[in-house]
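> Pasting query-v2.csv below, which is CSV, C-alpha atoms and all ligand atoms.
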chain,number,residue,atom,x,y,z
A,1,MET,CA,21.7,-9.3,16.7
A,2,SER,CA,20.8,-5.8,15.8
A,3,LEU,CA,18.8,-5.1,12.6
A,4,LEU,CA,21.9,-3.4,11.1
A,5,ASP,CA,24.1,-6.5,11.7
A,6,HIS,CA,21.3,-8.7,10.3
A,7,LEU,CA,21.1,-6.6,7.1
A,8,ASN,CA,24.9,-6.3,6.8
A,9,THR,CA,25.2,-10.1,6.9
A,10,LYS,CA,22.5,-10.4,4.1
A,11,LEU,CA,24.2,-7.7,2.1
A,12,ALA,CA,27.6,-9.4,2.4
A,13,ALA,CA,26.0,-12.7,1.1
A,14,LEU,CA,24.7,-10.8,-1.9
A,15,SER,CA,28.1,-9.4,-2.6
A,16,ALA,CA,29.7,-12.8,-2.3
A,17,GLN,CA,27.4,-14.2,-5.0
A,18,SER,CA,27.9,-11.2,-7.4
A,19,LEU,CA,24.3,-10.2,-6.7
A,20,ARG,CA,24.7,-6.8,-5.0
A,21,ARG,CA,22.9,-4.1,-6.9
A,22,SER,CA,23.7,-0.4,-7.0
A,23,LEU,CA,22.3,2.8,-8.5
A,24,ARG,CA,24.0,4.5,-11.4
A,25,ARG,CA,23.5,8.3,-11.9
A,26,ALA,CA,22.4,9.6,-15.2
A,27,ASP,CA,23.7,13.2,-15.8
A,28,THR,CA,21.8,13.7,-19.0
A,29,GLY,CA,18.4,12.7,-20.3
A,30,THR,CA,17.4,9.2,-21.6
A,31,ALA,CA,18.9,8.7,-25.1
A,32,PRO,CA,21.2,6.2,-26.8
A,33,ARG,CA,24.1,8.6,-25.9
A,34,GLN,CA,23.9,9.5,-22.3
A,35,THR,CA,26.4,10.7,-19.6
A,36,VAL,CA,26.4,8.3,-16.7
A,37,ASP,CA,28.4,9.0,-13.5
A,38,GLY,CA,30.1,11.8,-15.4
A,39,ARG,CA,31.1,9.6,-18.4
A,40,PRO,CA,29.6,9.6,-21.9
A,41,LEU,CA,28.3,6.1,-22.8
A,42,LEU,CA,26.5,4.4,-25.7
A,43,MET,CA,23.5,2.9,-24.0
A,44,PHE,CA,21.7,-0.4,-24.8
A,45,CYS,CA,19.5,-0.6,-21.7
A,46,SER,CA,16.5,1.7,-21.7
A,47,ASN,CA,13.0,0.7,-22.6
A,48,ASP,CA,12.4,4.0,-24.4
A,49,TYR,CA,12.0,1.9,-27.6
A,50,LEU,CA,11.0,4.7,-29.9
A,51,GLY,CA,13.4,7.3,-28.5
A,52,LEU,CA,10.4,9.5,-27.6
A,53,ALA,CA,11.8,10.5,-24.2
A,54,ALA,CA,14.3,12.7,-26.0
A,55,GLU,CA,11.8,13.9,-28.6
A,56,PRO,CA,11.6,17.8,-28.5
A,57,ALA,CA,7.8,17.6,-29.1
A,58,ILE,CA,7.4,15.7,-25.8
A,59,ALA,CA,9.3,18.2,-23.8
A,60,LYS,CA,7.3,21.0,-25.4
A,61,ALA,CA,4.0,19.3,-24.6
A,62,LEU,CA,5.1,18.7,-21.0
A,63,ALA,CA,5.9,22.4,-20.6
A,64,GLU,CA,2.6,23.4,-22.3
A,65,GLY,CA,0.8,20.9,-20.0
A,66,ALA,CA,2.5,22.4,-16.9
A,67,ARG,CA,1.6,25.9,-18.0
A,68,ARG,CA,-2.0,24.9,-18.4
A,69,TRP,CA,-2.4,22.6,-15.5
A,70,GLY,CA,0.3,23.5,-13.0
A,71,GLY,CA,1.8,20.7,-10.9
A,72,GLY,CA,0.2,17.7,-9.3
A,73,SER,CA,-3.4,16.5,-9.6
A,74,GLY,CA,-3.9,17.1,-5.9
A,75,ALA,CA,-6.1,14.0,-5.1
A,76,SER,CA,-7.1,10.5,-6.1
A,77,PRO,CA,-9.1,10.2,-9.3
A,78,LEU,CA,-12.5,9.7,-7.7
A,79,VAL,CA,-12.0,12.7,-5.4
A,80,SER,CA,-10.8,15.5,-7.7
A,81,GLY,CA,-7.6,14.2,-9.4
A,82,HIS,CA,-9.3,13.2,-12.7
A,83,SER,CA,-8.8,16.0,-15.2
A,84,ALA,CA,-9.9,16.6,-18.8
A,85,ALA,CA,-6.4,15.6,-19.8
A,86,HIS,CA,-6.8,12.3,-18.0
A,87,GLU,CA,-10.1,11.8,-19.7
A,88,ALA,CA,-8.7,12.6,-23.2
A,89,VAL,CA,-5.9,10.0,-22.7
A,90,ALA,CA,-8.5,7.3,-21.6
A,91,ASP,CA,-10.8,8.2,-24.6
A,92,THR,CA,-7.9,8.0,-27.1
A,93,LEU,CA,-6.9,4.6,-25.7
A,94,ALA,CA,-10.6,3.4,-25.8
A,95,ARG,CA,-10.7,4.4,-29.4
A,96,TRP,CA,-7.4,2.6,-30.1
A,97,TYR,CA,-8.5,-0.7,-28.7
A,98,ALA,CA,-12.2,-0.6,-29.9
A,99,PRO,CA,-11.2,-2.8,-32.9
A,100,HIS,CA,-9.7,-5.4,-30.5
A,101,ILE,CA,-12.0,-5.2,-27.5
A,102,PRO,CA,-15.8,-4.8,-28.1
A,103,GLU,CA,-17.2,-1.9,-25.9
A,104,ALA,CA,-13.7,-1.0,-24.9
A,105,ARG,CA,-13.0,1.5,-22.1
A,106,ALA,CA,-9.7,2.6,-20.6
A,107,ILE,CA,-8.6,3.6,-17.1
A,108,GLY,CA,-5.3,5.2,-16.1
A,109,PHE,CA,-2.7,4.5,-13.5
A,110,CYS,CA,0.5,6.1,-12.4
A,111,THR,CA,2.7,3.1,-13.2
A,112,GLY,CA,2.4,-0.3,-14.8
A,113,TYR,CA,3.1,-2.0,-11.5
A,114,MET,CA,0.0,-0.2,-10.1
A,115,ALA,CA,-2.1,-1.2,-13.1
A,116,ASN,CA,-1.2,-4.8,-12.8
A,117,LEU,CA,-1.8,-4.8,-9.1
A,118,ALA,CA,-5.3,-3.2,-9.7
A,119,VAL,CA,-6.5,-5.5,-12.4
A,120,VAL,CA,-5.2,-8.8,-10.9
A,121,THR,CA,-6.3,-8.1,-7.3
A,122,ALA,CA,-9.7,-6.6,-8.3
A,123,LEU,CA,-10.7,-9.5,-10.6
A,124,GLY,CA,-8.8,-12.2,-8.7
A,125,ASP,CA,-11.4,-12.5,-5.9
A,126,GLU,CA,-12.1,-15.6,-3.8
A,127,HIS,CA,-14.1,-17.2,-6.7
A,128,ALA,CA,-11.2,-16.9,-9.1
A,129,GLU,CA,-8.3,-19.0,-10.2
A,130,ILE,CA,-5.3,-17.2,-11.7
A,131,PHE,CA,-3.3,-19.1,-14.3
A,132,SER,CA,0.0,-17.3,-14.3
A,133,GLU,CA,2.8,-17.8,-16.9
A,134,GLN,CA,6.1,-18.9,-15.4
A,135,LEU,CA,8.1,-15.9,-16.8
A,136,ASN,CA,5.6,-13.2,-15.8
A,137,HIS,CA,6.9,-9.8,-14.7
A,138,ALA,CA,7.4,-9.4,-10.9
A,139,SER,CA,4.5,-7.0,-10.7
A,140,LEU,CA,2.1,-9.7,-11.9
A,141,ILE,CA,3.6,-12.2,-9.5
A,142,ASP,CA,3.2,-9.8,-6.6
A,143,ALA,CA,-0.4,-8.9,-7.7
A,144,ALA,CA,-1.4,-12.6,-7.8
A,145,ARG,CA,0.1,-13.1,-4.3
A,146,LEU,CA,-1.9,-10.2,-3.0
A,147,SER,CA,-5.1,-11.4,-4.6
A,148,LYS,CA,-7.7,-13.7,-2.9
A,149,ALA,CA,-7.6,-16.0,-5.9
A,150,ARG,CA,-6.1,-19.4,-6.1
A,151,VAL,CA,-2.8,-19.1,-8.1
A,152,THR,CA,-1.7,-21.8,-10.5
A,153,ARG,CA,1.5,-21.4,-12.5
A,154,TYR,CA,1.9,-22.8,-16.0
A,155,GLY,CA,5.2,-23.3,-17.9
A,156,HIS,CA,6.7,-20.8,-20.3
A,157,ALA,CA,4.6,-20.8,-23.5
A,158,ASP,CA,3.1,-24.2,-22.5
A,159,VAL,CA,-0.2,-24.0,-24.2
A,160,ALA,CA,-0.9,-27.8,-23.8
A,161,GLY,CA,-0.1,-27.6,-20.1
A,162,LEU,CA,-2.4,-24.6,-19.6
A,163,ARG,CA,-5.2,-26.4,-21.5
A,164,ALA,CA,-5.0,-29.3,-19.0
A,165,LEU,CA,-5.0,-26.9,-16.1
A,166,LEU,CA,-8.0,-25.0,-17.4
A,167,ALA,CA,-9.9,-28.3,-18.1
A,168,ALA,CA,-9.3,-29.4,-14.6
A,169,SER,CA,-10.4,-26.1,-12.9
A,170,THR,CA,-13.7,-25.7,-11.2
A,171,ALA,CA,-13.2,-22.0,-10.4
A,172,ARG,CA,-16.1,-19.8,-11.3
A,173,VAL,CA,-13.8,-17.1,-12.7
A,174,LYS,CA,-10.7,-18.2,-14.6
A,175,LEU,CA,-8.0,-15.6,-15.4
A,176,ILE,CA,-5.1,-16.3,-17.7
A,177,VAL,CA,-2.3,-13.8,-16.9
A,178,THR,CA,0.7,-13.3,-19.1
A,179,ASP,CA,3.3,-10.8,-20.4
A,180,ALA,CA,2.9,-10.2,-24.1
A,181,VAL,CA,6.6,-9.7,-24.6
A,182,PHE,CA,8.7,-11.4,-21.9
A,183,SER,CA,10.9,-8.6,-20.4
A,184,MET,CA,14.1,-10.6,-19.9
A,185,ASP,CA,13.8,-12.9,-23.0
A,186,GLY,CA,12.2,-10.7,-25.6
A,187,ASP,CA,10.0,-13.4,-27.0
A,188,LEU,CA,6.3,-13.2,-27.6
A,189,ALA,CA,3.6,-15.1,-25.7
A,190,PRO,CA,1.4,-17.3,-28.0
A,191,LEU,CA,-1.5,-14.9,-27.6
A,192,PRO,CA,-3.8,-16.3,-30.3
A,193,GLU,CA,-3.5,-19.8,-28.7
A,194,LEU,CA,-4.1,-18.4,-25.2
A,195,LEU,CA,-7.1,-16.5,-26.4
A,196,ALA,CA,-8.5,-19.6,-28.1
A,197,LEU,CA,-8.1,-21.4,-24.7
A,198,ALA,CA,-9.9,-18.5,-23.0
A,199,GLU,CA,-12.8,-18.8,-25.4
A,200,ALA,CA,-12.9,-22.6,-25.1
A,201,PHE,CA,-12.8,-22.7,-21.3
A,202,ASP,CA,-14.8,-19.6,-20.4
A,203,ALA,CA,-11.6,-17.8,-19.1
A,204,TRP,CA,-10.4,-14.2,-19.5
A,205,LEU,CA,-7.0,-13.2,-20.8
A,206,ILE,CA,-5.0,-10.5,-19.0
A,207,VAL,CA,-2.2,-9.3,-21.3
A,208,ASP,CA,0.6,-7.1,-19.9
A,209,ASP,CA,1.9,-5.3,-23.0
A,210,ALA,CA,4.6,-3.2,-21.3
A,211,HIS,CA,7.1,-4.0,-24.1
A,212,GLY,CA,4.7,-4.3,-27.0
A,213,PHE,CA,2.9,-0.9,-26.7
A,214,GLY,CA,4.2,1.5,-29.3
A,215,VAL,CA,6.6,-1.1,-30.7
A,216,LEU,CA,4.4,-3.9,-32.2
A,217,GLY,CA,1.7,-3.6,-34.8
A,218,ALA,CA,1.5,-1.3,-37.9
A,219,THR,CA,0.4,1.7,-35.9
A,220,GLY,CA,2.1,0.8,-32.6
A,221,ARG,CA,-0.9,-0.3,-30.7
A,222,GLY,CA,1.0,-3.4,-29.5
A,223,SER,CA,0.5,-7.1,-29.4
A,224,LEU,CA,-3.3,-7.1,-30.0
A,225,GLU,CA,-2.7,-5.3,-33.3
A,226,HIS,CA,0.4,-7.4,-34.1
A,227,PHE,CA,-1.7,-10.6,-33.8
A,228,GLY,CA,-4.9,-9.1,-35.1
A,229,LEU,CA,-6.9,-10.3,-32.0
A,230,SER,CA,-10.4,-9.3,-31.1
A,231,SER,CA,-12.5,-10.5,-28.2
A,232,GLU,CA,-14.3,-9.2,-25.2
A,233,ARG,CA,-12.2,-11.6,-23.1
A,234,LEU,CA,-9.1,-9.5,-23.7
A,235,ILE,CA,-8.0,-7.3,-20.7
A,236,LEU,CA,-5.0,-5.2,-21.8
A,237,VAL,CA,-2.5,-3.6,-19.6
A,238,GLY,CA,-0.2,-1.0,-21.3
A,239,THR,CA,2.5,1.0,-19.8
A,240,LEU,CA,3.5,4.6,-20.8
A,241,GLY,CA,6.9,4.9,-19.3
A,242,LYS,CA,8.6,2.7,-22.0
A,243,ALA,CA,7.9,3.3,-25.7
A,244,ALA,CA,5.5,6.2,-24.9
A,245,GLY,CA,8.5,8.0,-23.4
A,246,LEU,CA,6.7,9.4,-20.4
A,247,ALA,CA,5.1,7.7,-17.4
A,248,GLY,CA,1.9,6.0,-16.5
A,249,ALA,CA,-0.2,2.9,-17.5
A,250,PHE,CA,-3.7,1.9,-18.4
A,251,VAL,CA,-6.0,-1.0,-18.5
A,252,ALA,CA,-8.2,-1.3,-21.6
A,253,ALA,CA,-11.1,-3.8,-21.3
A,254,HIS,CA,-14.8,-4.2,-21.7
A,255,THR,CA,-16.6,-1.2,-20.1
A,256,THR,CA,-18.1,-3.4,-17.3
A,257,ILE,CA,-14.6,-4.6,-16.3
A,258,VAL,CA,-13.3,-1.0,-16.2
A,259,ASP,CA,-16.3,0.2,-14.2
A,260,TYR,CA,-15.7,-2.6,-11.7
A,261,LEU,CA,-12.0,-1.6,-11.4
A,262,LEU,CA,-13.1,2.0,-10.7
A,263,GLN,CA,-15.3,0.7,-7.8
A,264,SER,CA,-12.9,-1.8,-6.3
A,265,ALA,CA,-9.2,-1.5,-7.2
A,266,ARG,CA,-7.9,-0.2,-3.9
A,267,ASN,CA,-4.7,1.2,-5.4
A,268,PHE,CA,-6.7,3.2,-7.9
A,269,ILE,CA,-9.1,4.5,-5.3
A,270,PHE,CA,-6.6,5.3,-2.6
A,271,SER,CA,-3.7,6.8,-4.7
A,272,THR,CA,-3.2,10.3,-6.1
A,273,ALA,CA,-3.9,10.7,-9.8
A,274,SER,CA,-0.9,11.4,-12.1
A,275,PRO,CA,0.0,15.0,-12.8
A,276,PRO,CA,-2.2,16.3,-15.6
A,277,ALA,CA,0.8,17.8,-17.5
A,278,ILE,CA,2.0,14.2,-18.1
A,279,GLU,CA,-1.4,13.2,-19.4
A,280,HIS,CA,-1.4,16.3,-21.7
A,281,ALA,CA,2.0,15.2,-23.0
A,282,LEU,CA,0.8,11.7,-23.5
A,283,LEU,CA,-1.6,12.9,-26.2
A,284,THR,CA,1.4,14.2,-28.1
A,285,SER,CA,3.2,10.9,-27.5
A,286,PHE,CA,0.2,8.9,-28.9
A,287,ALA,CA,0.1,11.1,-32.0
A,288,LEU,CA,3.8,10.5,-32.6
A,289,ILE,CA,3.4,6.7,-32.1
A,290,GLU,CA,0.7,6.4,-34.7
A,291,GLY,CA,2.1,9.0,-37.1
A,292,PRO,CA,5.0,8.9,-39.6
A,293,LEU,CA,7.7,9.3,-36.9
A,294,GLY,CA,6.5,6.2,-35.0
A,295,ALA,CA,6.4,4.2,-38.2
A,296,ALA,CA,9.9,5.3,-39.2
A,297,ARG,CA,11.3,4.4,-35.7
A,298,ARG,CA,9.6,1.0,-35.7
A,299,ALA,CA,11.1,0.3,-39.2
A,300,ASN,CA,14.6,1.3,-38.0
A,301,LEU,CA,14.1,-0.9,-34.8
A,302,ARG,CA,13.3,-3.9,-37.0
A,303,ALA,CA,16.4,-3.3,-39.1
A,304,ARG,CA,18.7,-2.9,-36.0
A,305,GLN,CA,17.1,-6.0,-34.5
A,306,THR,CA,18.1,-8.1,-37.5
A,307,GLN,CA,21.5,-6.5,-37.7
A,308,LEU,CA,22.1,-7.3,-34.0
A,309,ARG,CA,20.7,-10.8,-34.0
A,310,ASP,CA,22.8,-11.7,-37.1
A,311,GLY,CA,25.9,-10.3,-35.5
A,312,LEU,CA,25.3,-12.1,-32.2
A,313,LEU,CA,24.7,-15.4,-34.0
A,314,ALA,CA,28.0,-15.0,-35.9
A,315,LEU,CA,29.8,-14.1,-32.6
A,316,ILE,CA,28.4,-17.2,-30.9
A,317,ASP,CA,29.5,-19.4,-33.8
A,318,HIS,CA,33.1,-18.0,-33.6
A,319,HIS,CA,33.3,-18.6,-29.8
A,320,PRO,CA,31.4,-21.9,-29.1
A,321,ARG,CA,33.6,-22.6,-26.0
A,322,LEU,CA,32.1,-19.6,-24.2
A,323,GLY,CA,28.7,-21.3,-24.2
A,324,TRP,CA,26.8,-18.1,-25.0
A,325,SER,CA,23.3,-18.3,-26.5
A,326,LEU,CA,20.4,-16.3,-27.7
A,327,THR,CA,16.7,-16.4,-26.7
A,328,ASP,CA,13.8,-16.6,-29.2
A,329,ALA,CA,13.7,-12.8,-29.1
A,330,ALA,CA,11.5,-11.2,-31.7
A,331,THR,CA,11.5,-7.7,-30.3
A,332,PRO,CA,13.9,-4.8,-29.4
A,333,ILE,CA,14.8,-6.9,-26.3
A,334,GLN,CA,17.7,-9.1,-27.5
A,335,PRO,CA,19.4,-10.9,-24.6
A,336,LEU,CA,22.8,-12.6,-24.8
A,337,VAL,CA,22.7,-15.5,-22.3
A,338,VAL,CA,26.1,-15.9,-20.7
A,339,GLY,CA,25.4,-18.2,-17.7
A,340,GLY,CA,27.3,-17.3,-14.6
A,341,ASN,CA,26.7,-14.2,-12.5
A,342,ALA,CA,30.4,-13.2,-12.2
A,343,GLU,CA,30.9,-13.9,-16.0
A,344,VAL,CA,28.0,-11.6,-17.0
A,345,MET,CA,29.1,-8.8,-14.7
A,346,ALA,CA,32.7,-9.1,-16.0
A,347,LEU,CA,31.3,-8.9,-19.6
A,348,ALA,CA,29.2,-5.8,-18.7
A,349,ALA,CA,32.3,-4.2,-17.1
A,350,ALA,CA,34.4,-4.9,-20.2
A,351,LEU,CA,31.8,-3.3,-22.4
A,352,GLU,CA,31.5,-0.3,-20.1
A,353,ALA,CA,35.3,0.1,-20.2
A,354,ALA,CA,34.9,0.3,-23.9
A,355,GLY,CA,32.2,3.1,-23.5
A,356,LEU,CA,29.0,0.9,-23.8
A,357,ARG,CA,26.5,0.3,-21.2
A,358,VAL,CA,24.6,-3.0,-21.4
A,359,PRO,CA,23.1,-4.2,-18.1
A,360,GLY,CA,23.9,-7.7,-16.7
A,361,ILE,CA,20.8,-9.4,-15.4
A,362,ARG,CA,21.2,-12.0,-12.7
A,363,PRO,CA,19.0,-14.2,-10.5
A,364,PRO,CA,16.4,-13.8,-9.0
A,365,THR,CA,15.3,-11.7,-12.1
A,366,VAL,CA,16.3,-14.7,-14.3
A,367,ALA,CA,16.7,-18.4,-13.5
A,368,PRO,CA,20.1,-19.4,-11.9
A,369,GLY,CA,22.7,-20.2,-14.5
A,370,THR,CA,21.1,-18.0,-17.1
A,371,ALA,CA,22.6,-14.6,-16.2
A,372,ARG,CA,22.6,-12.5,-19.3
A,373,LEU,CA,23.3,-9.2,-21.0
A,374,ARG,CA,19.9,-7.6,-21.6
A,375,ILE,CA,20.5,-5.7,-24.8
A,376,THR,CA,17.7,-3.3,-25.7
A,377,LEU,CA,17.5,-1.3,-28.9
A,378,CYS,CA,16.0,2.1,-29.5
A,379,GLY,CA,14.5,3.4,-32.7
A,380,THR,CA,17.1,6.1,-32.7
A,381,HIS,CA,20.1,3.7,-32.6
A,382,THR,CA,22.1,3.8,-35.8
A,383,GLU,CA,23.7,1.0,-37.8
A,384,ALA,CA,27.1,2.3,-36.6
A,385,ASP,CA,25.9,2.1,-32.9
A,386,VAL,CA,25.0,-1.6,-33.3
A,387,ASP,CA,28.3,-2.2,-35.1
A,388,ALA,CA,30.1,-0.6,-32.2
A,389,LEU,CA,28.3,-3.0,-29.7
A,390,LEU,CA,29.1,-6.0,-31.9
A,391,ASP,CA,32.8,-5.0,-32.2
A,392,ALA,CA,33.1,-4.5,-28.4
A,393,LEU,CA,31.4,-7.9,-27.8
A,394,GLN,CA,33.8,-9.5,-30.2
A,395,ARG,CA,36.8,-8.1,-28.4
A,396,ALA,CA,35.4,-9.1,-25.0
A,397,ALA,CA,34.6,-12.6,-26.2
A,398,ALA,CA,38.2,-13.1,-27.5
A,399,ALA,CA,39.6,-11.9,-24.1
A,400,GLN,CA,37.3,-14.2,-22.1
A,401,GLU,CA,38.3,-17.1,-24.3
A,402,ARG,CA,42.0,-16.4,-23.8
A,403,ALA,CA,41.4,-16.1,-20.0
A,404,ALA,CA,39.5,-19.4,-19.9
B,501,LIG,C1,8.1,-2.3,-16.8
B,501,LIG,C2,7.1,-3.4,-16.6
B,501,LIG,C3,6.0,-3.2,-15.8
B,501,LIG,C4,5.9,-2.1,-14.8
B,501,LIG,O1,5.6,-0.9,-15.5
B,501,LIG,P1,6.0,0.5,-14.8
B,501,LIG,O2,5.2,1.5,-15.5
B,501,LIG,O3,7.5,0.6,-15.0
B,501,LIG,O4,5.7,0.3,-13.3
B,501,LIG,C5,5.0,-4.2,-15.8
B,501,LIG,N1,5.1,-5.3,-16.6
B,501,LIG,C6,6.2,-5.5,-17.4
B,501,LIG,C7,6.2,-6.7,-18.2
B,501,LIG,C8,7.2,-4.5,-17.4
B,501,LIG,O5,8.3,-4.8,-18.2
As a first step, turn the structure in this file into structure tokens.

Amino acid sequence: MSLLDHLNTKLAALSAQSLRRSLRRADTGTAPRQTVDGRPLLMFCSNDYLGLAAEPAIAKALAEGARRWGGGSGASPLVSGHSAAHEAVADTLARWYAPHIPEARAIGFCTGYMANLAVVTALGDEHAEIFSEQLNHASLIDAARLSKARVTRYGHADVAGLRALLAASTARVKLIVTDAVFSMDGDLAPLPELLALAEAFDAWLIVDDAHGFGVLGATGRGSLEHFGLSSERLILVGTLGKAAGLAGAFVAAHTTIVDYLLQSARNFIFSTASPPAIEHALLTSFALIEGPLGAARRANLRARQTQLRDGLLALIDHHPRLGWSLTDAATPIQPLVVGGNAEVMALAAALEAAGLRVPGIRPPTVAPGTARLRITLCGTHTEADVDALLDALQRAAAAQERAA
């Protein structure tokens, strides 16, 4: 069989299970109202939680950064790609996390996928055992697979199960690895309990705060601020393409850990540093996150979260036969679990016909039978926007119930 025949067979199997994915084309920038494939839509799908991607101050800072620094960084960080702008970003982040991580230092990456790959493969050597939460992001799963460490999975939020695994481990280095906010469920990891286990069993806690950074905590520093955690055992990964509205990622940890990453993380050493103009603009993004605009967007987010969750609970109550449910979401990620792949795609299509875009999420991203609409809110969504979504869902639910 030729390769093309082989691939076409596999693609046809995906189509038959309603699992075929395709790209959509945005014709305008990231914002709650965006033109997609030529059509204006009200969007509930980006991770731009504070609406900073559309903030004029960010575009201005990018332009200013480009005027000052030009285009790309030209080389990997250890060769000549590390600029004063990169350093200012790392210094700001080190200052942000100093109250949470003694002797904190930060190191930058082009994406969160890369940051996770770096920290998990560099620390997960042949002496290590990685304790990996069941619902971890794909980048953490891939990183654990690529590491030389033994990998042990623990159940979702299963603190007792993890305790037993740690107690039984004889590994010299123990790494607990978890998302802070689970990206397809919107719930929070029990970080205080996980940190207590790390302290009790001489383990280290790697926290991926992709969806907490900018969103959680009084000044937007994320899950460590939200829970008020402080320990040298905390190793924080934050991403800058979501609430920060730009691109990039960082690891903040004890200075010795960051120095070791610099020596040994292959995807840091052998990959071109991010464009300095982006780093320059990140400084503006950080100022917005910790300033009054960030605080106002976070307050609006919490109000919209409550409005949406209350509305969805009422909807589920009115249509019990559809079998829809909510997760324990406590963040701007508020999934509506529908069940079947075809059902969720039909629901997403009905919403889109009504002018709203909410992505349907199917296996393998989520467990079979738990396909869902992944509704994400933005700090610039209005009360009327959320009402429009709830109205459209109400009509779609009534139609699905009639059809059933
Ligand atoms: C998005 C995401 C990442 C990857 O970050 P990128 O900067 O998009 O590569 C890592 N972890 C989690 C939990 C994410 O949601």
> Would you list the contacts of segment 301-311 of chain A as a list in words, taking every protein, DNA or RNA residue within 9 Å and counting all atoms listed in the file, but skipping same-chain residues closer than 2 positions in sequence?
Tyr49, Leu50, Val215, Ala296, Arg297, Arg298, Ala299, Leu313, Ala314, Leu315, Ile316, Leu326, Ala329, Ala330, Thr331, Pro332, Ile333, Gln334, Leu377, Cys378, Gly379, Thr380, His381, Thr382, Glu383, Val386, Asp387, Leu389 and Leu390 of chain A
> Would you list the residues that come within 9 Å of ligand LIG 501 (chain B)? Count all atoms listed in the file and give the answer as a tab-separated table (two decimals) with C-alpha atoms, in the frame of the given file.

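In the end it all went to pocket13.tsv:
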chain	number	residue	atom	x	y	z
A	47	ASN	CA	13.00	0.70	-22.60
A	109	PHE	CA	-2.70	4.50	-13.50
A	110	CYS	CA	0.50	6.10	-12.40
A	111	THR	CA	2.70	3.10	-13.20
A	112	GLY	CA	2.40	-0.30	-14.80
A	113	TYR	CA	3.10	-2.00	-11.50
A	114	MET	CA	0.00	-0.20	-10.10
A	115	ALA	CA	-2.10	-1.20	-13.10
A	116	ASN	CA	-1.20	-4.80	-12.80
A	136	ASN	CA	5.60	-13.20	-15.80
A	137	HIS	CA	6.90	-9.80	-14.70
A	138	ALA	CA	7.40	-9.40	-10.90
A	139	SER	CA	4.50	-7.00	-10.70
A	140	LEU	CA	2.10	-9.70	-11.90
A	178	THR	CA	0.70	-13.30	-19.10
A	179	ASP	CA	3.30	-10.80	-20.40
A	180	ALA	CA	2.90	-10.20	-24.10
A	181	VAL	CA	6.60	-9.70	-24.60
A	182	PHE	CA	8.70	-11.40	-21.90
A	183	SER	CA	10.90	-8.60	-20.40
A	184	MET	CA	14.10	-10.60	-19.90
A	208	ASP	CA	0.60	-7.10	-19.90
A	209	ASP	CA	1.90	-5.30	-23.00
A	210	ALA	CA	4.60	-3.20	-21.30
A	211	HIS	CA	7.10	-4.00	-24.10
A	237	VAL	CA	-2.50	-3.60	-19.60
A	238	GLY	CA	-0.20	-1.00	-21.30
A	239	THR	CA	2.50	1.00	-19.80
A	240	LEU	CA	3.50	4.60	-20.80
A	241	GLY	CA	6.90	4.90	-19.30
A	242	LYS	CA	8.60	2.70	-22.00
A	247	ALA	CA	5.10	7.70	-17.40
A	248	GLY	CA	1.90	6.00	-16.50
A	249	ALA	CA	-0.20	2.90	-17.50
> Find the distance between atom CA of Gly291 of chain A and atom CA of Trp69 of chain A and write it in Å to one decimal.
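These atoms are spaced 25.9 Å apart.
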> Find the residues of segment 221-283 of chain A that sit at most 9 Å from segment 102-105 of chain A; for each, write down the nearest two atoms and how far apart they are in Å, to one decimal. Count only C-alpha atoms. Sort by chain, then by number going up, and give it as a tab-separated table.

residue	atom	partner	partner_atom	distance
A:Ser230	CA	A:Pro102	CA	7.6
A:Ser231	CA	A:Pro102	CA	6.6
A:Glu232	CA	A:Pro102	CA	5.5
A:Val251	CA	A:Arg105	CA	8.3
A:Ala252	CA	A:Arg105	CA	5.6
A:Ala253	CA	A:Ala104	CA	5.2
A:His254	CA	A:Ala104	CA	4.7
A:Thr255	CA	A:Arg105	CA	4.9
A:Thr256	CA	A:Arg105	CA	8.5
A:Ile257	CA	A:Arg105	CA	8.6
A:Val258	CA	A:Arg105	CA	6.4
A:Asp259	CA	A:Arg105	CA	8.7
> Using all atoms listed in the file, find all polymer residues with an atom at most 12 Å away from the point (28.9, -9.6, -16.3); report them as JSON, numbers by chain.
{"A": [18, 19, 336, 337, 338, 339, 340, 341, 342, 343, 344, 345, 346, 347, 348, 349, 350, 351, 352, 357, 358, 359, 360, 361, 362, 370, 371, 372, 373, 374, 393, 396, 397, 400]}
> Do you know which residues lie at most 12 Å from (40.9, -21.3, -24.6), with coordinates as in the file and only C-alpha atoms counted, and could you write them as a list in words?
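It turns out the residues near that spot are His319, Pro320, Arg321, Leu322, Ala397, Ala398, Ala399, Gln400, Glu401, Arg402, Ala403 and Ala404 of chain A.
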